[in-house]
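Here's the structure we're looking at; comments come further down.
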Amino acid sequence: MTDTYRVVTIPGDGIGPEVVAATCTVLDALGARAGFAFEWSPIVMGGAAIDTYGIPLRDEDLALAAAAADAVLLGAVGGPKWDVPGAPVRPEQALLALRKGLGLFANLRPVAAEPALIAASPLRQDLVAGVDLLIVRELTGGLYFGERQEPTDGPNGRQAYDTLLYTEPEVARVARLAFQLARGRRNRVTSVDKANVLASSRLWRTVVNEIAAEFPDVELEHRLVDSCAMQLITSPGIFDVVVTENMFGDILSDEASVLAGSLGMLPSASLGETRTAHGLLGVYEPIHGSAPDIAGQGVANPAATILSGAMMLRWSFGRHAEADALEAAVRQALADGFRTGDLLGAGDEGFVRVGTDGFRDAVLERLTVGPAA
Ligand code: IPM
Ligand code: MG
């Protein structure tokens, strides 16, 4: 019997629809060769949903992702059109509602220096070569979800606040996952906080230390977020698994993306504890945004979304060999010189400049998944 995976797709805004379409084509082809199939169910979310329904995510669409899907593949949401100060609804609210609604407390953001792209990094090549780290960002707590007050009139003019709150179980579960992931890598966890100032960080550090006792084979170090930000640039090679609070993880992961040569290369997986018939329910999305400046032109780099598809194969469907094959095909396309515009600098020569579909086809031609036995 052929496995069929039910995937909700959220093309979203800007370049989202283009990179998701390219990824679905690649996954369909891979499935056809390996003996499984996808059932795609698109939903409208983000700015597109504000335009269509007046809200960024409808309850029934969230329910579809929560109850009738094995995984979610997301392009990007947002854009200047909806980026209006004081707007009652924002596309990004949908993303937060999706993460919270599906209980996706851990966001995995792998950052590896791609040999073919090392020269594209603005950093010195000897620093970047060999970088291979995994940021595990807490995704449903902290500053993003604490109590907040939009600007109101106070005794000294307008005031507003956000709250950074963590509970022990929230820290424990993401820390435990980080340690487990380190076991499959280089057995090293860096926990990042601001324990010299923040009470929530002192709880974070205490709980991480307690969880560490369950993993005596994994080396743990604590780093303050400011010094970690510096070290990601000065000595990125020292990091293996980096686990941190929601907002710190948001900032550090964009910073770390510079190590990989382009934001257009980085995939992500958001996971919780919901199991489906095939594996863990997850949302898979590129780290980059909707890039409205190049939307609709067919030039967006689909690599991060295709690589997110590989993470989906691995985490939601247990298809490790196919995930490896897909990642290898992307790597080979780069090694063979295929480049979307974001990966090309002025004066770059000897590369094959391609658009979204050209890169997709270069990947397809390099997929070495045999027909199902
Ligand atoms: C990310 C993005 C989102 C976040 C935005 C779009 C809300 O920056 O996934 O990193 O801050 O989590
Ligand atoms: Mg971000």
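Going through the structure tokens in order, the chains are called A, B, and so on, while each chain numbers its residues from 1 and the ligands are numbered from 1 in the order shown.
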
*Could you tell me, counting only C-alpha atoms and all ligand atoms, which protein and nucleic acid residues lie no more than 12 Å from ligand 2, written as a PyMOL selection string?*
chain A and resi 76-77+92+95-96+107+109+137+139+144+246-257+263+266+268+285-290

Compile a residue-level contact table for range 234-303 of chain A against range 112-134 of chain A at a cut-off of 10 Å, reporting for every qualifying residue the shortest atom pair and its distance in Å to one decimal, with only C-alpha atoms counted, rows ordered by chain and ascending number, as a tab-separated table.
```
residue	atom	partner	partner_atom	distance
A:Thr234	CA	A:Leu127	CA	7.4
A:Ser235	CA	A:Leu127	CA	6.6
A:Pro236	CA	A:Val131	CA	6.3
A:Gly237	CA	A:Val131	CA	5.0
A:Ile238	CA	A:Val131	CA	8.3
A:Phe239	CA	A:Leu133	CA	5.7
A:Asp240	CA	A:Leu133	CA	4.5
A:Val241	CA	A:Leu134	CA	4.8
A:Val242	CA	A:Leu134	CA	6.1
A:Val243	CA	A:Leu134	CA	8.4
A:Ser253	CA	A:Leu134	CA	9.3
A:Ala256	CA	A:Leu133	CA	9.0
A:Ser257	CA	A:Ala112	CA	8.8
A:Val258	CA	A:Ser121	CA	6.6
A:Leu259	CA	A:Val128	CA	6.1
A:Ala260	CA	A:Ala113	CA	4.6
A:Gly261	CA	A:Ser121	CA	4.4
A:Ser262	CA	A:Ser121	CA	7.6
A:Met265	CA	A:Glu114	CA	9.1
A:Leu266	CA	A:Ala112	CA	8.7
```

*asked:* Between A:Ser270, A:Thr276, A:Thr140, A:Thr4, which residue has the minimum interatomic distance to Ala37 in chain A, considering only C-alpha atoms?
replied: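 Between A:Ser270, A:Thr276, A:Thr140, A:Thr4, the residue approaching Ala37 in chain A most closely is A:Thr4.
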
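Candidate residues A:Gly54, A:Gly86, A:Pro42, A:Pro91 were compared for distance to ligand 1, and the nearest is A:Pro91, using only C-alpha atoms and all ligand atoms.
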
_Please report the interatomic distance between CA of Val20 in chain A and CA of Ser308 in chain A in Å with one decimal._
10.1 Å

_Minimum-distance residue to Gly296 in chain A, chosen among A:Gly355, A:Val111, A:Tyr166, A:Trp315 (using only C-alpha atoms)_ = A:Gly355

_Considering only alpha helix (DSSP H) as DSSP defines it on the backbone, what residues of range 213-288 of chain A qualify? List them as number ranges by chain._
A: 225-234, 246-257

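The shortest atom-to-atom distance to ligand 1, with only C-alpha atoms and all ligand atoms taken into account, belongs to A:Glu245 out of A:Glu39, A:Glu18, A:Glu245, A:Asp61.
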
*Distance of CA of Thr23 in chain A from CA of Ala63 in chain A, expressed in Å to one decimal place*: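 CA of Thr23 in chain A lies 23.7 Å from CA of Ala63 in chain A.
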